[in-house]
$ cat final_0.txt   # compact mmCIF, N, CA and C atoms
# COMPACT_ATOMS: atom_id res chain seq x y z
N MET A 9 0.84 -1.18 0.00
CA MET A 9 0.00 0.00 0.00
C MET A 9 0.89 1.24 0.00
N LEU A 10 0.54 2.21 -0.83
CA LEU A 10 1.29 3.45 -0.87
C LEU A 10 1.00 4.28 0.38
N THR A 11 2.00 5.00 0.85
CA THR A 11 1.81 5.81 2.05
C THR A 11 2.09 7.29 1.85
N GLY A 12 2.55 7.70 0.68
CA GLY A 12 2.81 9.11 0.43
C GLY A 12 3.88 9.31 -0.61
N LEU A 13 4.27 10.54 -0.82
CA LEU A 13 5.31 10.86 -1.79
C LEU A 13 6.66 10.43 -1.24
N ASN A 14 7.41 9.66 -2.04
CA ASN A 14 8.73 9.20 -1.62
C ASN A 14 9.80 10.17 -2.07
N HIS A 15 9.86 10.42 -3.36
CA HIS A 15 10.82 11.38 -3.88
C HIS A 15 10.40 11.83 -5.27
N LEU A 16 11.01 12.90 -5.74
CA LEU A 16 10.83 13.39 -7.10
C LEU A 16 12.17 13.29 -7.79
N THR A 17 12.17 12.78 -9.01
CA THR A 17 13.38 12.76 -9.82
C THR A 17 13.12 13.59 -11.06
N LEU A 18 14.00 14.55 -11.32
CA LEU A 18 13.86 15.42 -12.47
C LEU A 18 15.10 15.30 -13.35
N ALA A 19 14.88 15.07 -14.65
CA ALA A 19 15.98 15.07 -15.61
C ALA A 19 16.37 16.52 -15.86
N VAL A 20 17.66 16.81 -15.79
CA VAL A 20 18.15 18.18 -15.98
C VAL A 20 19.28 18.19 -17.01
N THR A 21 19.45 19.32 -17.68
CA THR A 21 20.49 19.42 -18.71
C THR A 21 21.78 20.05 -18.22
N ASP A 22 21.71 20.76 -17.09
CA ASP A 22 22.88 21.41 -16.52
C ASP A 22 22.78 21.25 -15.01
N LEU A 23 23.51 20.28 -14.47
CA LEU A 23 23.38 19.93 -13.06
C LEU A 23 23.72 21.09 -12.14
N ALA A 24 24.81 21.79 -12.39
CA ALA A 24 25.21 22.90 -11.51
C ALA A 24 24.14 23.99 -11.49
N ARG A 25 23.61 24.33 -12.65
CA ARG A 25 22.57 25.36 -12.74
C ARG A 25 21.32 24.94 -11.97
N SER A 26 20.93 23.67 -12.10
CA SER A 26 19.73 23.20 -11.42
C SER A 26 19.92 23.11 -9.91
N VAL A 27 21.09 22.65 -9.47
CA VAL A 27 21.37 22.62 -8.03
C VAL A 27 21.29 24.02 -7.47
N ASP A 28 21.88 24.97 -8.16
CA ASP A 28 21.85 26.37 -7.71
C ASP A 28 20.41 26.88 -7.63
N PHE A 29 19.59 26.59 -8.64
CA PHE A 29 18.19 27.03 -8.67
C PHE A 29 17.43 26.49 -7.47
N TYR A 30 17.50 25.17 -7.25
CA TYR A 30 16.73 24.57 -6.16
C TYR A 30 17.29 24.95 -4.79
N GLU A 31 18.60 25.08 -4.69
CA GLU A 31 19.21 25.41 -3.40
C GLU A 31 19.07 26.90 -3.06
N SER A 32 19.50 27.77 -3.95
CA SER A 32 19.55 29.19 -3.59
C SER A 32 18.23 29.91 -3.77
N LEU A 33 17.41 29.49 -4.73
CA LEU A 33 16.17 30.20 -4.97
C LEU A 33 14.98 29.58 -4.25
N LEU A 34 14.92 28.25 -4.20
CA LEU A 34 13.77 27.58 -3.57
C LEU A 34 14.03 27.10 -2.15
N GLY A 35 15.26 27.13 -1.69
CA GLY A 35 15.55 26.80 -0.30
C GLY A 35 15.78 25.33 0.00
N PHE A 36 16.02 24.50 -1.02
CA PHE A 36 16.36 23.10 -0.78
C PHE A 36 17.75 23.01 -0.17
N HIS A 37 18.04 21.88 0.47
CA HIS A 37 19.35 21.64 1.08
C HIS A 37 20.04 20.53 0.31
N LEU A 38 21.24 20.83 -0.19
CA LEU A 38 22.01 19.84 -0.93
C LEU A 38 22.52 18.78 0.04
N LYS A 39 22.22 17.51 -0.26
CA LYS A 39 22.64 16.40 0.60
C LYS A 39 23.77 15.60 -0.03
N ALA A 40 23.78 15.47 -1.35
CA ALA A 40 24.84 14.73 -2.05
C ALA A 40 24.81 15.17 -3.51
N ARG A 41 25.97 15.09 -4.13
CA ARG A 41 26.07 15.42 -5.56
C ARG A 41 27.10 14.49 -6.16
N TRP A 42 26.91 14.11 -7.41
CA TRP A 42 27.87 13.30 -8.12
C TRP A 42 27.86 13.74 -9.58
N VAL A 43 28.69 13.15 -10.40
CA VAL A 43 28.85 13.59 -11.78
C VAL A 43 27.52 13.67 -12.51
N ALA A 44 26.66 12.70 -12.28
CA ALA A 44 25.41 12.63 -13.04
C ALA A 44 24.17 12.93 -12.20
N GLY A 45 24.34 13.51 -11.01
CA GLY A 45 23.14 13.79 -10.23
C GLY A 45 23.40 14.44 -8.90
N ALA A 46 22.30 14.69 -8.19
CA ALA A 46 22.37 15.30 -6.87
C ALA A 46 21.11 14.94 -6.08
N TYR A 47 21.28 14.85 -4.78
CA TYR A 47 20.15 14.68 -3.87
C TYR A 47 20.00 15.94 -3.04
N LEU A 48 18.78 16.44 -2.96
CA LEU A 48 18.46 17.61 -2.15
C LEU A 48 17.25 17.27 -1.30
N SER A 49 17.04 18.07 -0.24
CA SER A 49 15.87 17.86 0.60
C SER A 49 15.24 19.19 0.96
N LEU A 50 13.97 19.12 1.26
CA LEU A 50 13.21 20.26 1.75
C LEU A 50 12.18 19.67 2.70
N GLY A 51 12.39 19.86 4.01
CA GLY A 51 11.54 19.17 4.98
C GLY A 51 11.67 17.67 4.77
N ASP A 52 10.54 16.99 4.60
CA ASP A 52 10.55 15.55 4.36
C ASP A 52 10.65 15.19 2.88
N LEU A 53 10.71 16.19 2.01
CA LEU A 53 10.75 15.93 0.58
C LEU A 53 12.16 15.64 0.11
N TRP A 54 12.31 14.55 -0.65
CA TRP A 54 13.58 14.16 -1.23
C TRP A 54 13.50 14.42 -2.72
N LEU A 55 14.45 15.20 -3.24
CA LEU A 55 14.50 15.54 -4.65
C LEU A 55 15.80 15.03 -5.25
N CYS A 56 15.67 14.29 -6.35
CA CYS A 56 16.84 13.81 -7.09
C CYS A 56 16.90 14.57 -8.41
N LEU A 57 18.04 15.16 -8.70
CA LEU A 57 18.29 15.76 -10.01
C LEU A 57 19.21 14.82 -10.76
N SER A 58 18.78 14.41 -11.95
CA SER A 58 19.52 13.42 -12.73
C SER A 58 19.94 14.03 -14.06
N LEU A 59 21.24 14.07 -14.33
CA LEU A 59 21.76 14.68 -15.54
C LEU A 59 21.34 13.89 -16.76
N ASP A 60 20.70 14.58 -17.70
CA ASP A 60 20.26 13.98 -18.96
C ASP A 60 20.40 15.06 -20.03
N GLU A 61 21.60 15.15 -20.61
CA GLU A 61 21.90 16.21 -21.56
C GLU A 61 21.08 16.11 -22.83
N SER A 62 20.47 14.95 -23.08
CA SER A 62 19.67 14.80 -24.29
C SER A 62 18.20 15.19 -24.07
N ARG A 63 17.88 15.60 -22.85
CA ARG A 63 16.49 15.98 -22.56
C ARG A 63 16.07 17.13 -23.47
N ALA A 64 14.96 16.92 -24.13
CA ALA A 64 14.42 17.97 -25.00
C ALA A 64 13.18 18.54 -24.35
N THR A 65 13.01 19.84 -24.48
CA THR A 65 11.80 20.47 -23.95
C THR A 65 10.62 19.97 -24.75
N PRO A 66 9.58 19.45 -24.06
CA PRO A 66 8.41 18.94 -24.78
C PRO A 66 7.75 20.06 -25.60
N SER A 67 7.28 19.70 -26.79
CA SER A 67 6.63 20.68 -27.65
C SER A 67 5.15 20.83 -27.34
N HIS A 68 4.61 19.95 -26.53
CA HIS A 68 3.20 20.05 -26.17
C HIS A 68 3.06 20.42 -24.71
N ALA A 69 2.03 21.19 -24.43
CA ALA A 69 1.79 21.62 -23.05
C ALA A 69 0.94 20.59 -22.34
N ASP A 70 1.24 20.35 -21.10
CA ASP A 70 0.37 19.52 -20.27
C ASP A 70 0.36 20.09 -18.86
N TYR A 71 -0.47 19.53 -18.01
CA TYR A 71 -0.66 20.06 -16.66
C TYR A 71 0.21 19.36 -15.62
N THR A 72 1.07 18.46 -16.03
CA THR A 72 1.95 17.78 -15.09
C THR A 72 2.85 18.81 -14.41
N HIS A 73 2.86 18.79 -13.07
CA HIS A 73 3.72 19.72 -12.33
C HIS A 73 3.92 19.20 -10.91
N PHE A 74 4.84 19.83 -10.21
CA PHE A 74 5.13 19.49 -8.83
C PHE A 74 4.80 20.69 -7.97
N ALA A 75 4.01 20.49 -6.94
CA ALA A 75 3.58 21.59 -6.07
C ALA A 75 4.26 21.49 -4.72
N PHE A 76 4.72 22.63 -4.23
CA PHE A 76 5.35 22.73 -2.93
C PHE A 76 4.51 23.64 -2.05
N SER A 77 4.43 23.33 -0.77
CA SER A 77 3.65 24.13 0.17
C SER A 77 4.39 25.39 0.57
N VAL A 78 3.62 26.47 0.77
CA VAL A 78 4.16 27.72 1.27
C VAL A 78 3.09 28.33 2.17
N GLY A 79 3.50 28.96 3.25
CA GLY A 79 2.56 29.59 4.17
C GLY A 79 2.01 30.88 3.61
N GLN A 80 0.78 31.19 3.99
CA GLN A 80 0.15 32.43 3.52
C GLN A 80 0.98 33.65 3.89
N GLU A 81 1.61 33.60 5.08
CA GLU A 81 2.36 34.76 5.57
C GLU A 81 3.63 35.03 4.75
N THR A 82 4.12 34.05 4.00
CA THR A 82 5.33 34.25 3.21
C THR A 82 5.09 34.17 1.70
N PHE A 83 3.86 33.94 1.29
CA PHE A 83 3.55 33.74 -0.13
C PHE A 83 3.99 34.93 -0.98
N GLU A 84 3.59 36.14 -0.61
CA GLU A 84 3.91 37.32 -1.42
C GLU A 84 5.41 37.55 -1.53
N THR A 85 6.12 37.45 -0.43
CA THR A 85 7.57 37.66 -0.43
C THR A 85 8.26 36.61 -1.29
N PHE A 86 7.84 35.36 -1.13
CA PHE A 86 8.45 34.26 -1.87
C PHE A 86 8.22 34.41 -3.37
N THR A 87 6.99 34.70 -3.77
CA THR A 87 6.69 34.82 -5.20
C THR A 87 7.36 36.07 -5.79
N ALA A 88 7.49 37.13 -5.02
CA ALA A 88 8.20 38.32 -5.50
C ALA A 88 9.67 37.98 -5.78
N ARG A 89 10.24 37.15 -4.93
CA ARG A 89 11.64 36.72 -5.12
C ARG A 89 11.78 35.91 -6.41
N LEU A 90 10.82 35.01 -6.65
CA LEU A 90 10.85 34.23 -7.89
C LEU A 90 10.75 35.16 -9.11
N GLN A 91 9.83 36.11 -9.04
CA GLN A 91 9.63 37.03 -10.16
C GLN A 91 10.86 37.91 -10.38
N ALA A 92 11.52 38.29 -9.30
CA ALA A 92 12.75 39.10 -9.42
C ALA A 92 13.84 38.33 -10.15
N HIS A 93 13.80 37.00 -10.06
CA HIS A 93 14.76 36.16 -10.78
C HIS A 93 14.25 35.79 -12.17
N GLU A 94 13.18 36.43 -12.57
CA GLU A 94 12.60 36.29 -13.91
C GLU A 94 12.28 34.85 -14.29
N VAL A 95 11.72 34.08 -13.33
CA VAL A 95 11.26 32.74 -13.69
C VAL A 95 10.10 32.87 -14.67
N ILE A 96 9.88 31.84 -15.44
CA ILE A 96 8.79 31.84 -16.41
C ILE A 96 7.52 31.37 -15.72
N GLN A 97 6.48 32.19 -15.75
CA GLN A 97 5.19 31.81 -15.18
C GLN A 97 4.39 31.11 -16.29
N TRP A 98 3.98 29.86 -16.04
CA TRP A 98 3.33 29.08 -17.10
C TRP A 98 1.81 29.01 -16.95
N LYS A 99 1.25 29.49 -15.86
CA LYS A 99 -0.19 29.43 -15.64
C LYS A 99 -0.57 30.46 -14.59
N ARG A 100 -1.77 30.96 -14.68
CA ARG A 100 -2.33 31.85 -13.66
C ARG A 100 -3.24 31.01 -12.76
N ASN A 101 -3.26 31.32 -11.48
CA ASN A 101 -4.07 30.56 -10.53
C ASN A 101 -5.55 30.83 -10.75
N SER A 102 -6.34 29.77 -10.73
CA SER A 102 -7.79 29.91 -10.86
C SER A 102 -8.53 29.05 -9.85
N SER A 103 -7.83 28.53 -8.87
CA SER A 103 -8.47 27.66 -7.88
C SER A 103 -8.25 28.17 -6.46
N GLU A 104 -8.81 27.47 -5.52
CA GLU A 104 -8.75 27.83 -4.10
C GLU A 104 -7.30 27.91 -3.63
N GLY A 105 -7.00 28.88 -2.81
CA GLY A 105 -5.67 29.03 -2.24
C GLY A 105 -4.74 29.74 -3.20
N ASP A 106 -3.92 30.61 -2.67
CA ASP A 106 -2.94 31.31 -3.50
C ASP A 106 -1.96 30.31 -4.10
N SER A 107 -1.67 30.47 -5.38
CA SER A 107 -0.69 29.64 -6.08
C SER A 107 0.08 30.49 -7.06
N PHE A 108 1.32 30.09 -7.28
CA PHE A 108 2.14 30.69 -8.31
C PHE A 108 2.77 29.54 -9.08
N TYR A 109 2.52 29.51 -10.39
CA TYR A 109 3.00 28.44 -11.27
C TYR A 109 4.19 28.96 -12.07
N PHE A 110 5.32 28.24 -12.02
CA PHE A 110 6.54 28.69 -12.68
C PHE A 110 7.37 27.50 -13.12
N SER A 111 8.34 27.76 -13.99
CA SER A 111 9.20 26.69 -14.50
C SER A 111 10.61 26.82 -13.94
N ASP A 112 11.27 25.66 -13.79
CA ASP A 112 12.68 25.67 -13.41
C ASP A 112 13.51 25.84 -14.68
N PRO A 113 14.85 25.90 -14.57
CA PRO A 113 15.67 26.15 -15.77
C PRO A 113 15.52 25.12 -16.88
N ASP A 114 15.07 23.91 -16.57
CA ASP A 114 14.89 22.88 -17.59
C ASP A 114 13.45 22.76 -18.06
N GLY A 115 12.59 23.68 -17.65
CA GLY A 115 11.21 23.67 -18.10
C GLY A 115 10.28 22.78 -17.29
N HIS A 116 10.76 22.22 -16.16
CA HIS A 116 9.87 21.46 -15.30
C HIS A 116 8.84 22.42 -14.70
N LYS A 117 7.59 22.03 -14.72
CA LYS A 117 6.53 22.89 -14.22
C LYS A 117 6.40 22.72 -12.70
N LEU A 118 6.50 23.84 -12.00
CA LEU A 118 6.44 23.85 -10.54
C LEU A 118 5.33 24.78 -10.08
N GLU A 119 4.95 24.63 -8.82
CA GLU A 119 3.92 25.48 -8.22
C GLU A 119 4.26 25.66 -6.75
N VAL A 120 4.04 26.85 -6.23
CA VAL A 120 4.01 27.04 -4.78
C VAL A 120 2.56 27.33 -4.45
N HIS A 121 2.05 26.66 -3.42
CA HIS A 121 0.62 26.69 -3.13
C HIS A 121 0.37 26.87 -1.64
N VAL A 122 -0.58 27.77 -1.34
CA VAL A 122 -1.07 27.95 0.02
C VAL A 122 -2.35 27.12 0.13
N GLY A 123 -2.39 26.23 1.07
CA GLY A 123 -3.58 25.41 1.24
C GLY A 123 -3.22 23.95 1.35
N SER A 124 -4.24 23.14 1.41
CA SER A 124 -4.06 21.70 1.59
C SER A 124 -5.17 20.98 0.86
N LEU A 125 -5.07 19.67 0.84
CA LEU A 125 -6.14 18.87 0.27
C LEU A 125 -7.45 19.14 1.01
N ALA A 126 -7.38 19.27 2.32
CA ALA A 126 -8.60 19.52 3.12
C ALA A 126 -9.25 20.85 2.73
N SER A 127 -8.44 21.91 2.57
CA SER A 127 -9.03 23.20 2.21
C SER A 127 -9.57 23.17 0.78
N ARG A 128 -8.91 22.44 -0.12
CA ARG A 128 -9.41 22.31 -1.48
C ARG A 128 -10.75 21.57 -1.51
N LEU A 129 -10.83 20.47 -0.76
CA LEU A 129 -12.08 19.71 -0.73
C LEU A 129 -13.22 20.51 -0.11
N GLU A 130 -12.91 21.30 0.90
CA GLU A 130 -13.92 22.16 1.52
C GLU A 130 -14.49 23.13 0.50
N GLN A 131 -13.62 23.76 -0.30
CA GLN A 131 -14.07 24.68 -1.34
C GLN A 131 -14.85 23.94 -2.42
N CYS A 132 -14.40 22.76 -2.77
CA CYS A 132 -15.09 21.98 -3.81
C CYS A 132 -16.48 21.52 -3.35
N ARG A 133 -16.65 21.31 -2.07
CA ARG A 133 -17.99 20.95 -1.57
C ARG A 133 -18.94 22.13 -1.75
N LEU A 134 -18.42 23.35 -1.67
CA LEU A 134 -19.23 24.54 -1.89
C LEU A 134 -19.48 24.80 -3.37
N GLN A 135 -18.47 24.54 -4.18
CA GLN A 135 -18.56 24.75 -5.63
C GLN A 135 -17.88 23.57 -6.34
N PRO A 136 -18.59 22.44 -6.44
CA PRO A 136 -17.97 21.25 -7.03
C PRO A 136 -17.70 21.40 -8.52
N TYR A 137 -16.64 20.72 -8.98
CA TYR A 137 -16.36 20.64 -10.40
C TYR A 137 -17.43 19.77 -11.03
N GLU A 138 -17.62 19.90 -12.33
CA GLU A 138 -18.65 19.13 -13.02
C GLU A 138 -18.46 17.63 -12.80
N GLY A 139 -19.53 16.96 -12.35
CA GLY A 139 -19.52 15.52 -12.12
C GLY A 139 -18.73 15.08 -10.91
N MET A 140 -18.39 15.98 -10.02
CA MET A 140 -17.53 15.65 -8.89
C MET A 140 -18.25 14.79 -7.87
N GLU A 141 -17.52 13.80 -7.34
CA GLU A 141 -18.01 12.94 -6.28
C GLU A 141 -17.05 13.04 -5.10
N PHE A 142 -17.56 12.88 -3.91
CA PHE A 142 -16.73 12.90 -2.70
C PHE A 142 -16.83 11.56 -2.02
N PHE A 143 -15.75 11.09 -1.48
CA PHE A 143 -15.69 9.80 -0.81
C PHE A 143 -15.08 10.00 0.57
N ASP A 144 -15.90 9.90 1.59
CA ASP A 144 -15.43 10.12 2.96
C ASP A 144 -15.01 8.85 3.63
$ encode --input "final_0.txt" --output "structure tokens"
Amino acid sequence: MLTGLNHLTLAVTDLARSVDFYESLLGFHLKARWVAGAYLSLGDLWLCLSLDESRATPSHADYTHFAFSVGQETFETFTARLQAHEVIQWKRNSSEGDSFYFSDPDGHKLEVHVGSLASRLEQCRLQPYEGMEFFD
């Protein structure tokens, strides 16, 4: 039985650039690095960066992304910092809770989000998506 998120592995084209992005801009902690990869952590989250110089940016857009939690009290400051570093914003927020959607240097879609599954479900009970069912 699955118990939660174990780790995220992202293919990157420039390991040093990606380590710098996740460490200095997003606040991850570098735990190990090697020629073809690095391990970083943020709280209980384990992130693996894996060097793949042949990675091509996908030509089609999709909604696959990785979301990280941020407190309401730091949301504005944190997103201002991202914008000051001219990250690419790939989507505008249209759902419950403040969110900022942006890309890392290799085009991986990321999000910082205020809220939780519980707060999202509470809002959805008030305004459900089409055909939505709830299972308690």
$ residues_near_point --input "final_0.txt" --point "(7.8, 11.6, -0.1)" --cutoff "6 Å" --atoms "all atoms listed in the file" --output "ChimeraX atom specification"
/A:12-15,52-54
$ write_last_selection --input "final_0.txt" --atoms "N, CA and C atoms" --output "CSV table (one decimal), keeping the file's coordinate frame"
chain,number,residue,atom,x,y,z
A,12,GLY,N,2.6,7.7,0.7
A,12,GLY,CA,2.8,9.1,0.4
A,12,GLY,C,3.9,9.3,-0.6
A,13,LEU,N,4.3,10.5,-0.8
A,13,LEU,CA,5.3,10.9,-1.8
A,13,LEU,C,6.7,10.4,-1.2
A,14,ASN,N,7.4,9.7,-2.0
A,14,ASN,CA,8.7,9.2,-1.6
A,14,ASN,C,9.8,10.2,-2.1
A,15,HIS,N,9.9,10.4,-3.4
A,15,HIS,CA,10.8,11.4,-3.9
A,15,HIS,C,10.4,11.8,-5.3
A,52,ASP,N,10.5,17.0,4.6
A,52,ASP,CA,10.6,15.6,4.4
A,52,ASP,C,10.6,15.2,2.9
A,53,LEU,N,10.7,16.2,2.0
A,53,LEU,CA,10.8,15.9,0.6
A,53,LEU,C,12.2,15.6,0.1
A,54,TRP,N,12.3,14.6,-0.6
A,54,TRP,CA,13.6,14.2,-1.2
A,54,TRP,C,13.5,14.4,-2.7
$ closest_residue --input "final_0.txt" --among "A:Phe142, A:Trp42, A:Phe76, A:Tyr137" --to "Tyr30 of chain A" --atoms "only C-alpha atoms"
A:Phe76
$ residues_around --input "final_0.txt" --residues "segment 18-23 of chain A" --least-positions-apart "5" --cutoff "7 Å" --atoms "all atoms listed in the file" --output "PDB file with N, CA and C atoms, in the frame of the given file"
ATOM      1  N   ASP A  28      21.880  24.970  -8.160  1.00  0.00           N
ATOM      2  CA  ASP A  28      21.850  26.370  -7.710  1.00  0.00           C
ATOM      3  C   ASP A  28      20.410  26.880  -7.630  1.00  0.00           C
ATOM      4  N   GLY A  45      24.340  13.510 -11.010  1.00  0.00           N
ATOM      5  CA  GLY A  45      23.140  13.790 -10.230  1.00  0.00           C
ATOM      6  C   GLY A  45      23.400  14.440  -8.900  1.00  0.00           C
ATOM      7  N   LEU A  55      14.450  15.200  -3.240  1.00  0.00           N
ATOM      8  CA  LEU A  55      14.500  15.540  -4.650  1.00  0.00           C
ATOM      9  C   LEU A  55      15.800  15.030  -5.250  1.00  0.00           C
ATOM     10  N   CYS A  56      15.670  14.290  -6.350  1.00  0.00           N
ATOM     11  CA  CYS A  56      16.840  13.810  -7.090  1.00  0.00           C
ATOM     12  C   CYS A  56      16.900  14.570  -8.410  1.00  0.00           C
ATOM     13  N   LEU A  57      18.040  15.160  -8.700  1.00  0.00           N
ATOM     14  CA  LEU A  57      18.290  15.760 -10.010  1.00  0.00           C
ATOM     15  C   LEU A  57      19.210  14.820 -10.760  1.00  0.00           C
ATOM     16  N   SER A  58      18.780  14.410 -11.950  1.00  0.00           N
ATOM     17  CA  SER A  58      19.520  13.420 -12.730  1.00  0.00           C
ATOM     18  C   SER A  58      19.940  14.030 -14.060  1.00  0.00           C
ATOM     19  N   LEU A  59      21.240  14.070 -14.330  1.00  0.00           N
ATOM     20  CA  LEU A  59      21.760  14.680 -15.540  1.00  0.00           C
ATOM     21  C   LEU A  59      21.340  13.890 -16.760  1.00  0.00           C
ATOM     22  N   ASP A  60      20.700  14.580 -17.700  1.00  0.00           N
ATOM     23  CA  ASP A  60      20.260  13.980 -18.960  1.00  0.00           C
ATOM     24  C   ASP A  60      20.400  15.060 -20.030  1.00  0.00           C
ATOM     25  N   GLU A  61      21.600  15.150 -20.610  1.00  0.00           N
ATOM     26  CA  GLU A  61      21.900  16.210 -21.560  1.00  0.00           C
ATOM     27  C   GLU A  61      21.080  16.110 -22.830  1.00  0.00           C
ATOM     28  N   SER A  62      20.470  14.950 -23.080  1.00  0.00           N
ATOM     29  CA  SER A  62      19.670  14.800 -24.290  1.00  0.00           C
ATOM     30  C   SER A  62      18.200  15.190 -24.070  1.00  0.00           C
ATOM     31  N   ARG A  63      17.880  15.600 -22.850  1.00  0.00           N
ATOM     32  CA  ARG A  63      16.490  15.980 -22.560  1.00  0.00           C
ATOM     33  C   ARG A  63      16.070  17.130 -23.470  1.00  0.00           C
ATOM     34  N   ASP A 114      15.070  23.910 -16.570  1.00  0.00           N
ATOM     35  CA  ASP A 114      14.890  22.880 -17.590  1.00  0.00           C
ATOM     36  C   ASP A 114      13.450  22.760 -18.060  1.00  0.00           C
TER      37      ASP A 114
END
$ residues_around --input "final_0.txt" --residues "Gly51 of chain A" --least-positions-apart "5" --cutoff "8 Å" --atoms "all atoms listed in the file" --output "PyMOL selection string"
chain A and resi 35-37
$ residues_around --input "final_0.txt" --residues "Leu33 of chain A" --least-positions-apart "4" --cutoff "8 Å" --atoms "only C-alpha atoms" --output "list in words"
Asp28, Phe29, Arg89 and Leu90 of chain A
$ residues_around --input "final_0.txt" --residues "Ser127 of chain A" --least-positions-apart "6" --cutoff "8 Å" --atoms "all atoms listed in the file" --output "PyMOL selection string"
chain A and resi 104-105+133
$ write_last_selection --input "final_0.txt" --atoms "N, CA and C atoms" --output "PDB file, in the frame of the given file"
ATOM      1  N   GLU A 104      -8.810  27.470  -5.520  1.00  0.00           N
ATOM      2  CA  GLU A 104      -8.750  27.830  -4.100  1.00  0.00           C
ATOM      3  C   GLU A 104      -7.300  27.910  -3.630  1.00  0.00           C
ATOM      4  N   GLY A 105      -7.000  28.880  -2.810  1.00  0.00           N
ATOM      5  CA  GLY A 105      -5.670  29.030  -2.240  1.00  0.00           C
ATOM      6  C   GLY A 105      -4.740  29.740  -3.200  1.00  0.00           C
ATOM      7  N   ARG A 133     -16.650  21.310  -2.070  1.00  0.00           N
ATOM      8  CA  ARG A 133     -17.990  20.950  -1.570  1.00  0.00           C
ATOM      9  C   ARG A 133     -18.940  22.130  -1.750  1.00  0.00           C
TER      10      ARG A 133
END
$ select_by_dssp --input "final_0.txt" --residues "segment 51-139 of chain A" --states "strand (DSSP E or B)" --output "PyMOL selection string"
chain A and resi 53-59+74-77+97-99+107-111+117-121
$ closest_residue --input "final_0.txt" --among "A:Gln80, A:Thr85, A:Arg25, A:Glu31" --to "Leu48 of chain A" --atoms "only N, CA and C atoms"
A:Glu31
$ closest_residue --input "final_0.txt" --among "A:Ile96, A:Val78, A:Leu134, A:Ala46" --to "Val120 of chain A" --atoms "all atoms listed in the file"
A:Val78
$ closest_residue --input "final_0.txt" --among "A:Phe86, A:Trp98, A:Phe143, A:Tyr47" --to "His116 of chain A" --atoms "only C-alpha atoms"
A:Trp98
$ atom_distance --input "final_0.txt" --atom1 "atom CA of His93 of chain A" --atom2 "atom CA of Ser107 of chain A"
17.4 Å
$ select_by_dssp --input "final_0.txt" --residues "segment 21-52 of chain A" --states "alpha helix (DSSP H)" --output "PyMOL selection string"
chain A and resi 23-28
